[in-house]
Structure formats: C-alpha cells, structure tokens
$ cat final.txt   # compact mmCIF, C-alpha atoms
# COMPACT_ATOMS: atom_id res chain seq x y z
CA MET A 9 41.85 -177.49 -10.68
CA LYS A 10 38.60 -177.62 -8.70
CA SER A 11 39.80 -174.88 -6.37
CA ILE A 12 40.54 -172.57 -9.34
CA LYS A 13 37.07 -173.19 -10.76
CA LEU A 14 35.50 -172.60 -7.35
CA LEU A 15 37.51 -169.42 -6.85
CA LEU A 16 36.60 -168.17 -10.35
CA LEU A 17 32.94 -169.05 -9.82
CA SER A 18 32.92 -167.24 -6.45
CA PHE A 19 34.52 -164.18 -8.03
CA ILE A 20 31.93 -164.09 -10.84
CA ILE A 21 28.99 -164.53 -8.48
CA LEU A 22 30.16 -162.11 -5.81
CA SER A 23 31.62 -159.38 -8.08
CA PRO A 24 28.32 -157.67 -8.93
CA TYR A 25 27.47 -157.44 -5.24
CA SER A 26 30.78 -155.97 -4.21
CA TYR A 27 30.60 -153.17 -6.81
CA ALA A 28 26.87 -152.56 -6.90
CA ASN A 29 26.71 -151.47 -3.27
CA ASN A 30 29.29 -148.75 -3.79
CA TYR A 31 27.20 -146.70 -6.24
CA VAL A 32 23.81 -145.08 -5.94
CA ILE A 33 22.13 -143.23 -8.80
CA ASP A 34 20.11 -140.46 -7.21
CA ASP A 35 19.89 -138.20 -10.22
CA TYR A 36 20.43 -138.81 -13.92
CA SER A 37 19.88 -137.36 -17.36
CA PHE A 38 19.91 -139.37 -20.60
CA GLU A 39 19.40 -137.89 -24.06
CA TRP A 40 18.65 -140.02 -27.12
CA ILE A 41 19.37 -138.12 -30.32
CA VAL A 42 16.75 -139.68 -32.57
CA GLU A 43 17.45 -137.82 -35.83
CA THR A 44 19.34 -134.85 -37.22
CA VAL A 45 18.14 -133.23 -40.44
CA GLY A 46 20.40 -130.37 -41.49
CA LYS A 47 20.47 -128.02 -38.52
CA ALA A 48 17.32 -129.51 -36.97
CA GLU A 49 17.46 -132.21 -34.33
CA LEU A 50 14.87 -134.40 -32.60
CA SER A 51 15.86 -135.94 -29.27
CA ILE A 52 14.20 -137.48 -26.24
CA LYS A 53 15.57 -136.58 -22.83
CA LYS A 54 14.83 -138.70 -19.79
CA LYS A 55 15.66 -137.51 -16.30
CA ASN A 56 14.87 -139.26 -13.06
CA ASP A 57 11.64 -137.24 -12.74
CA SER A 58 10.66 -136.34 -16.33
CA LEU A 59 10.72 -137.22 -20.00
CA LYS A 60 10.66 -134.59 -22.79
CA VAL A 61 10.78 -134.63 -26.56
CA ILE A 62 13.12 -131.86 -27.70
CA LEU A 63 12.84 -130.28 -31.13
CA SER A 64 15.87 -128.05 -31.76
CA VAL A 65 17.27 -125.99 -34.60
CA LYS A 66 20.83 -124.74 -34.48
CA GLY A 67 20.89 -121.01 -35.03
CA GLY A 68 23.55 -118.33 -35.10
CA ILE A 69 24.62 -118.54 -31.45
CA GLY A 70 23.16 -121.81 -30.26
CA TYR A 71 20.00 -123.87 -30.38
CA ASP A 72 16.39 -122.74 -30.42
CA SER A 73 14.47 -125.54 -28.74
CA LEU A 74 10.96 -126.63 -27.88
CA TYR A 75 10.57 -128.96 -24.89
CA LEU A 76 7.47 -131.05 -25.56
CA SER A 77 5.50 -133.78 -23.90
CA PRO A 78 5.17 -136.85 -26.15
CA LYS A 79 1.50 -135.95 -26.74
CA GLU A 80 2.38 -132.40 -27.80
CA ALA A 81 5.06 -133.80 -30.13
CA VAL A 82 2.48 -136.05 -31.81
CA LEU A 83 0.14 -133.09 -32.41
CA ILE A 84 2.95 -131.01 -33.91
CA GLY A 85 3.98 -133.98 -36.08
CA LYS A 86 0.43 -134.28 -37.44
CA ALA A 87 0.38 -130.57 -38.27
CA LEU A 88 3.78 -130.84 -39.99
CA GLN A 89 2.38 -133.65 -42.16
CA GLU A 90 0.48 -130.89 -43.96
CA THR A 91 3.73 -129.26 -45.14
CA ASP A 92 3.50 -130.33 -48.79
CA LYS A 93 -0.15 -129.29 -49.01
CA TYR A 94 0.69 -125.74 -47.87
CA TYR A 95 3.85 -125.62 -49.96
CA LYS A 96 1.90 -126.44 -53.14
CA LYS A 97 -0.82 -123.97 -52.21
CA GLN A 98 1.65 -121.13 -51.61
CA LYS A 99 4.18 -121.96 -54.34
CA GLY A 100 4.66 -119.20 -56.89
CA SER A 101 2.85 -116.56 -54.85
CA LYS A 102 3.90 -112.96 -55.58
CA LYS A 103 2.83 -111.78 -52.13
CA ASP A 104 3.64 -112.85 -48.58
CA ILE A 105 1.31 -115.60 -47.33
CA SER A 106 0.96 -117.23 -43.93
CA GLU A 107 -1.46 -119.92 -42.78
CA LYS A 108 -1.74 -121.35 -39.27
CA LEU A 109 -2.68 -124.68 -37.76
CA GLN A 110 -3.26 -125.36 -34.07
CA ALA A 111 -1.42 -128.27 -32.51
CA GLY A 112 -2.52 -128.37 -28.87
CA SER A 113 -0.90 -125.41 -27.13
CA TYR A 114 1.36 -124.84 -30.15
CA GLN A 115 0.82 -123.03 -33.41
CA VAL A 116 2.34 -124.18 -36.70
CA THR A 117 2.62 -121.43 -39.32
CA PHE A 118 3.31 -122.22 -42.97
CA GLY A 119 4.57 -119.11 -44.68
CA THR A 120 6.01 -117.91 -47.94
CA THR A 121 7.76 -114.63 -48.51
CA GLU A 122 9.27 -113.35 -51.73
CA LYS A 123 12.55 -112.68 -49.93
CA TYR A 124 12.94 -115.94 -47.93
CA GLY A 125 10.72 -118.46 -49.69
CA PHE A 126 8.75 -121.16 -47.87
CA SER A 127 9.30 -121.94 -44.17
CA ILE A 128 7.50 -123.36 -41.18
CA LEU A 129 7.41 -121.72 -37.76
CA VAL A 130 6.44 -123.75 -34.68
CA ARG A 131 5.69 -121.68 -31.60
CA GLU A 132 3.97 -122.06 -28.29
CA LYS A 133 0.91 -119.84 -28.06
CA GLY A 134 1.77 -116.57 -26.38
CA SER A 135 3.48 -113.37 -27.38
CA PHE A 136 7.00 -114.05 -26.03
CA SER A 137 7.15 -117.81 -26.41
CA SER A 138 9.91 -120.05 -27.73
CA TYR A 139 9.81 -120.96 -31.40
CA ILE A 140 11.71 -122.82 -34.07
CA SER A 141 11.85 -122.35 -37.82
CA LEU A 142 12.01 -125.36 -40.11
CA GLU A 143 12.67 -125.85 -43.80
CA ARG A 144 10.32 -128.00 -45.87
CA LYS A 145 12.70 -131.00 -45.97
CA GLN A 146 13.18 -130.89 -42.19
CA ALA A 147 9.45 -130.68 -41.49
CA ARG A 148 8.65 -133.60 -43.80
CA LYS A 149 11.26 -135.90 -42.24
CA LEU A 150 10.65 -134.91 -38.61
CA SER A 151 6.85 -135.10 -38.86
CA LYS A 152 6.92 -138.90 -39.09
CA LEU A 153 9.22 -139.19 -36.10
CA LEU A 154 7.22 -136.71 -34.01
CA ILE A 155 4.06 -138.71 -34.68
CA ASP A 156 5.86 -141.79 -33.33
CA SER A 157 7.29 -139.95 -30.29
CA GLU A 158 4.90 -141.56 -27.78
CA ASN A 159 6.14 -145.02 -28.84
CA MET A 160 9.78 -143.92 -28.77
CA SER A 161 9.28 -142.34 -25.35
CA SER A 162 7.74 -145.56 -24.00
CA PHE A 163 10.64 -147.52 -25.46
CA LEU A 164 13.17 -145.24 -23.75
CA ASP A 165 11.21 -145.36 -20.48
CA GLU A 166 11.39 -149.17 -20.53
CA LYS A 167 15.08 -149.28 -21.39
CA ILE A 168 16.09 -146.81 -18.71
CA ASP A 169 14.02 -147.76 -15.71
CA LEU A 170 15.97 -146.71 -12.65
$ encode --input "final.txt" --output "structure tokens"
Amino acid sequence: MKSIKLLLLSFIILSPYSYANNYVIDDYSFEWIVETVGKAELSIKKKNDSLKVILSVKGGIGYDSLYLSPKEAVLIGKALQETDKYYKKQKGSKKDISEKLQAGSYQVTFGTTEKYGFSILVREKGSFSSYISLERKQARKLSKLLIDSENMSSFLDEKIDL
C-alpha cells in the first residue's frame, strides 16, 4: 500500500514538470468580451506585447471598431455619460442638430436628424478615421464600463501575466 501511495505521490509531484517543459508560449492573444448591448460590444484584448480596449458595433458586413488605450476608453466613457443631457436638449427638434465633445484624441458627436432620430458617433480626430455609431441605450450602458476600463484592464493584466 505504501508503494502505491509513493508512486501516486511521485506522479502528482513530477507530472507538472514533465508536461511544462514541452510547451513554450512565445505569442498569445486573449480577448475578454466584457459586455454586448444590441449590436455593440466592449472587449479587452491582451496580447503578449499590448493591451487594448475594443469598442465595436456590428454593421452590414462586419464590425466597425475602435482600438483604445484604457485611458482613451475612460475619456470616451465620460463623454458618453452626457448622452441623456444631449438627448433631452435635442428631443423634438424639427431640424438636424449635432453637438460635439472632445475625449482626448476622439470626438463624440450627439446628433438628431428628422429621418434617423438621435444617435452618437465616436470618431478619432482626422478626416478618414475609424468611427462607430451608437444608439442611446448602448451609449448609456457602455459609458459606465468604459469609465471602469482602466480597472478592468489591470485586472486582466494580473490574471494573464505570462
């Protein structure tokens, strides 16, 4: 009986060493899908050399995405917190209205058109930059998470520390 226990104990102790030496992780990519609101998605992607907060909206043929640093995500989240304020201000307007807020190197535009109603456009400054379009409900929900993106990014960095 002692020899079985000794053999089992040896197997348990030595097993991690026998398998661990066979594998080396040189390159990796991990994506945490934090929240999905309708067609909008907030995720955090960690690679061996970078960490990005990704704000995506599924469109007609794929996703429109913004790849943000955690600090940029916080600034955009703070701007999106103003969604209800701009919605109330623009509600019932008979003409097209658009108002802009700066969020670091990004611009958040709250707009209302008679044809499409109220929407929010988030775009990097520049004429041919990436952008996403959000609905009011999406902006309200994602704003809180974007504001907390530095904490979530730190959490992910700690959990996946290779």
$ atom_distance --input "final.txt" --atom1 "CA of Leu154 in chain A" --atom2 "CA of Ser127 in chain A"
18.0 Å
$ closest_atom_pairs --input "final.txt" --of "range 34-58 of chain A" --to "range 158-167 of chain A" --cutoff "12 Å" --atoms "all atoms listed in the file" --output "tab-separated table"
residue	atom	partner	partner_atom	distance
A:Phe38	CA	A:Leu164	CA	9.5
A:Glu39	CA	A:Leu164	CA	9.6
A:Trp40	CA	A:Leu164	CA	8.3
A:Ile41	CA	A:Met160	CA	11.3
A:Val42	CA	A:Met160	CA	9.0
A:Leu50	CA	A:Met160	CA	11.5
A:Ser51	CA	A:Ser161	CA	10.0
A:Ile52	CA	A:Ser161	CA	7.0
A:Lys53	CA	A:Ser161	CA	8.9
A:Lys54	CA	A:Asp165	CA	7.6
A:Lys55	CA	A:Asp165	CA	9.9
A:Asn56	CA	A:Asp165	CA	10.3
A:Asp57	CA	A:Asp165	CA	11.2
A:Ser58	CA	A:Asp165	CA	9.9
$ closest_residue --input "final.txt" --among "A:Glu122, A:Asp35, A:Glu132, A:Asp92" --to "Tyr75 in chain A" --atoms "only C-alpha atoms"
A:Glu132
$ closest_residue --input "final.txt" --among "A:Lys47, A:Thr91, A:Val116, A:Ser138" --to "Ser73 in chain A" --atoms "all atoms listed in the file"
A:Ser138
$ residues_around --input "final.txt" --residues "Asp156 in chain A" --least-positions-apart "6" --cutoff "12 Å" --atoms "all atoms listed in the file" --output "number ranges by chain"
A: 42, 50, 52, 61, 78-86, 149-150, 162-163
$ closest_residue --input "final.txt" --among "A:Lys123, A:Lys60, A:Lys133, A:Arg144" --to "Lys102 in chain A" --atoms "only C-alpha atoms"
A:Lys123
$ atom_distance --input "final.txt" --atom1 "CA of Glu49 in chain A" --atom2 "CA of Ile33 in chain A"
28.2 Å
$ atom_distance --input "final.txt" --atom1 "CA of Gln98 in chain A" --atom2 "CA of Thr120 in chain A"
6.5 Å
$ closest_residue --input "final.txt" --among "A:Ser113, A:Leu59, A:Gln89, A:Ser141" --to "Ser37 in chain A" --atoms "only C-alpha atoms"
A:Leu59
$ closest_residue --input "final.txt" --among "A:Tyr139, A:Phe126, A:Tyr94, A:Tyr114" --to "Gly67 in chain A" --atoms "all atoms listed in the file"
A:Tyr139
$ closest_residue --input "final.txt" --among "A:Tyr95, A:Ile140, A:Tyr36, A:Arg148" --to "Ile62 in chain A" --atoms "all atoms listed in the file"
A:Ile140
$ decode --input "final.txt" --residues "range 43-157 of chain A" --atoms "C-alpha atoms" --output "short mmCIF file (atom, residue, chain, number, x, y, z; two decimals), in the first residue's frame"
data_model
loop_
_atom_site.label_atom_id
_atom_site.label_comp_id
_atom_site.auth_asym_id
_atom_site.auth_seq_id
_atom_site.Cartn_x
_atom_site.Cartn_y
_atom_site.Cartn_z
CA GLU A 43 -20.47 43.34 -22.46
CA THR A 44 -22.70 43.16 -25.52
CA VAL A 45 -25.54 45.66 -25.89
CA GLY A 46 -27.54 45.03 -29.04
CA LYS A 47 -25.03 45.14 -31.86
CA ALA A 48 -22.41 46.97 -29.77
CA GLU A 49 -19.66 45.14 -27.92
CA LEU A 50 -16.99 46.15 -25.42
CA SER A 51 -13.99 43.86 -25.07
CA ILE A 52 -10.44 43.98 -23.76
CA LYS A 53 -7.75 42.26 -25.80
CA LYS A 54 -4.41 41.35 -24.27
CA LYS A 55 -1.51 40.21 -26.40
CA ASN A 56 1.98 39.42 -25.24
CA ASP A 57 3.08 42.99 -26.06
CA SER A 58 -0.10 45.10 -25.76
CA LEU A 59 -3.50 45.62 -24.18
CA LYS A 60 -6.39 47.38 -25.95
CA VAL A 61 -9.99 48.20 -25.13
CA ILE A 62 -12.10 47.49 -28.21
CA LEU A 63 -15.42 49.20 -28.81
CA SER A 64 -17.20 47.54 -31.75
CA VAL A 65 -20.55 47.80 -33.48
CA LYS A 66 -21.68 45.10 -35.86
CA GLY A 67 -22.62 46.64 -39.18
CA GLY A 68 -23.82 45.34 -42.52
CA ILE A 69 -20.69 43.41 -43.49
CA GLY A 70 -18.75 43.13 -40.26
CA TYR A 71 -17.65 45.16 -37.28
CA ASP A 72 -16.68 48.81 -37.07
CA SER A 73 -14.19 49.01 -34.22
CA LEU A 74 -12.16 51.48 -32.22
CA TYR A 75 -8.97 50.18 -30.61
CA LEU A 76 -8.40 52.28 -27.50
CA SER A 77 -5.92 52.55 -24.70
CA PRO A 78 -7.60 52.21 -21.29
CA LYS A 79 -7.12 55.96 -20.72
CA GLU A 80 -8.79 56.82 -24.04
CA ALA A 81 -11.66 54.48 -23.16
CA VAL A 82 -12.20 56.31 -19.85
CA LEU A 83 -12.36 59.69 -21.64
CA ILE A 84 -14.88 58.38 -24.17
CA GLY A 85 -16.92 56.85 -21.33
CA LYS A 86 -17.06 60.21 -19.55
CA ALA A 87 -18.24 61.91 -22.75
CA LEU A 88 -20.89 59.22 -23.27
CA GLN A 89 -22.20 59.90 -19.75
CA GLU A 90 -23.61 63.11 -21.24
CA THR A 91 -25.91 61.15 -23.58
CA ASP A 92 -29.17 61.84 -21.73
CA LYS A 93 -28.35 65.54 -21.39
CA TYR A 94 -27.92 65.90 -25.16
CA TYR A 95 -30.89 63.66 -25.89
CA LYS A 96 -33.20 65.86 -23.79
CA LYS A 97 -31.74 69.00 -25.32
CA GLN A 98 -32.26 67.77 -28.89
CA LYS A 99 -35.53 65.88 -28.39
CA GLY A 100 -38.39 67.16 -30.52
CA SER A 101 -36.19 69.29 -32.77
CA LYS A 102 -37.60 69.94 -36.25
CA LYS A 103 -34.14 70.49 -37.72
CA ASP A 104 -30.93 68.47 -37.80
CA ILE A 105 -28.72 69.16 -34.77
CA SER A 106 -25.23 67.99 -33.90
CA GLU A 107 -23.09 68.80 -30.86
CA LYS A 108 -19.53 67.63 -30.24
CA LEU A 109 -17.44 66.79 -27.20
CA GLN A 110 -13.71 66.13 -27.19
CA ALA A 111 -12.49 62.97 -25.49
CA GLY A 112 -8.70 63.00 -25.82
CA SER A 113 -7.89 62.29 -29.46
CA TYR A 114 -11.50 61.26 -30.09
CA GLN A 115 -14.61 63.25 -30.85
CA VAL A 116 -18.07 62.27 -29.60
CA THR A 117 -20.93 63.74 -31.63
CA PHE A 118 -24.50 63.72 -30.35
CA GLY A 119 -26.85 64.25 -33.25
CA THR A 120 -30.50 64.24 -34.12
CA THR A 121 -31.96 64.11 -37.59
CA GLU A 122 -35.60 64.07 -38.57
CA LYS A 123 -35.00 60.98 -40.69
CA TYR A 124 -32.87 58.86 -38.28
CA GLY A 125 -33.57 60.29 -34.84
CA PHE A 126 -30.94 60.53 -32.09
CA SER A 127 -27.54 58.82 -32.39
CA ILE A 128 -24.00 59.12 -31.13
CA LEU A 129 -20.92 59.00 -33.34
CA VAL A 130 -17.49 58.30 -31.83
CA ARG A 131 -14.57 59.00 -34.14
CA GLU A 132 -10.88 59.57 -33.93
CA LYS A 133 -9.95 63.09 -34.97
CA GLY A 134 -8.98 63.18 -38.62
CA SER A 135 -10.81 63.16 -41.90
CA PHE A 136 -10.56 59.44 -42.77
CA SER A 137 -10.55 57.93 -39.31
CA SER A 138 -12.42 54.94 -37.91
CA TYR A 139 -15.75 55.58 -36.25
CA ILE A 140 -18.66 53.83 -34.61
CA SER A 141 -22.29 54.83 -34.27
CA LEU A 142 -24.18 54.07 -31.06
CA GLU A 143 -27.80 54.22 -30.04
CA ARG A 144 -28.79 55.98 -26.82
CA LYS A 145 -29.30 52.73 -24.86
CA GLN A 146 -25.90 51.40 -25.95
CA ALA A 147 -24.10 54.62 -25.02
CA ARG A 148 -25.70 54.77 -21.58
CA LYS A 149 -24.80 51.16 -20.70
CA LEU A 150 -21.29 51.19 -22.19
CA SER A 151 -20.32 54.56 -20.67
CA LYS A 152 -20.14 53.06 -17.17
CA LEU A 153 -18.00 50.17 -18.35
CA LEU A 154 -15.68 52.39 -20.39
CA ILE A 155 -15.11 54.58 -17.34
CA ASP A 156 -14.05 51.45 -15.43
CA SER A 157 -11.84 50.14 -18.26
#
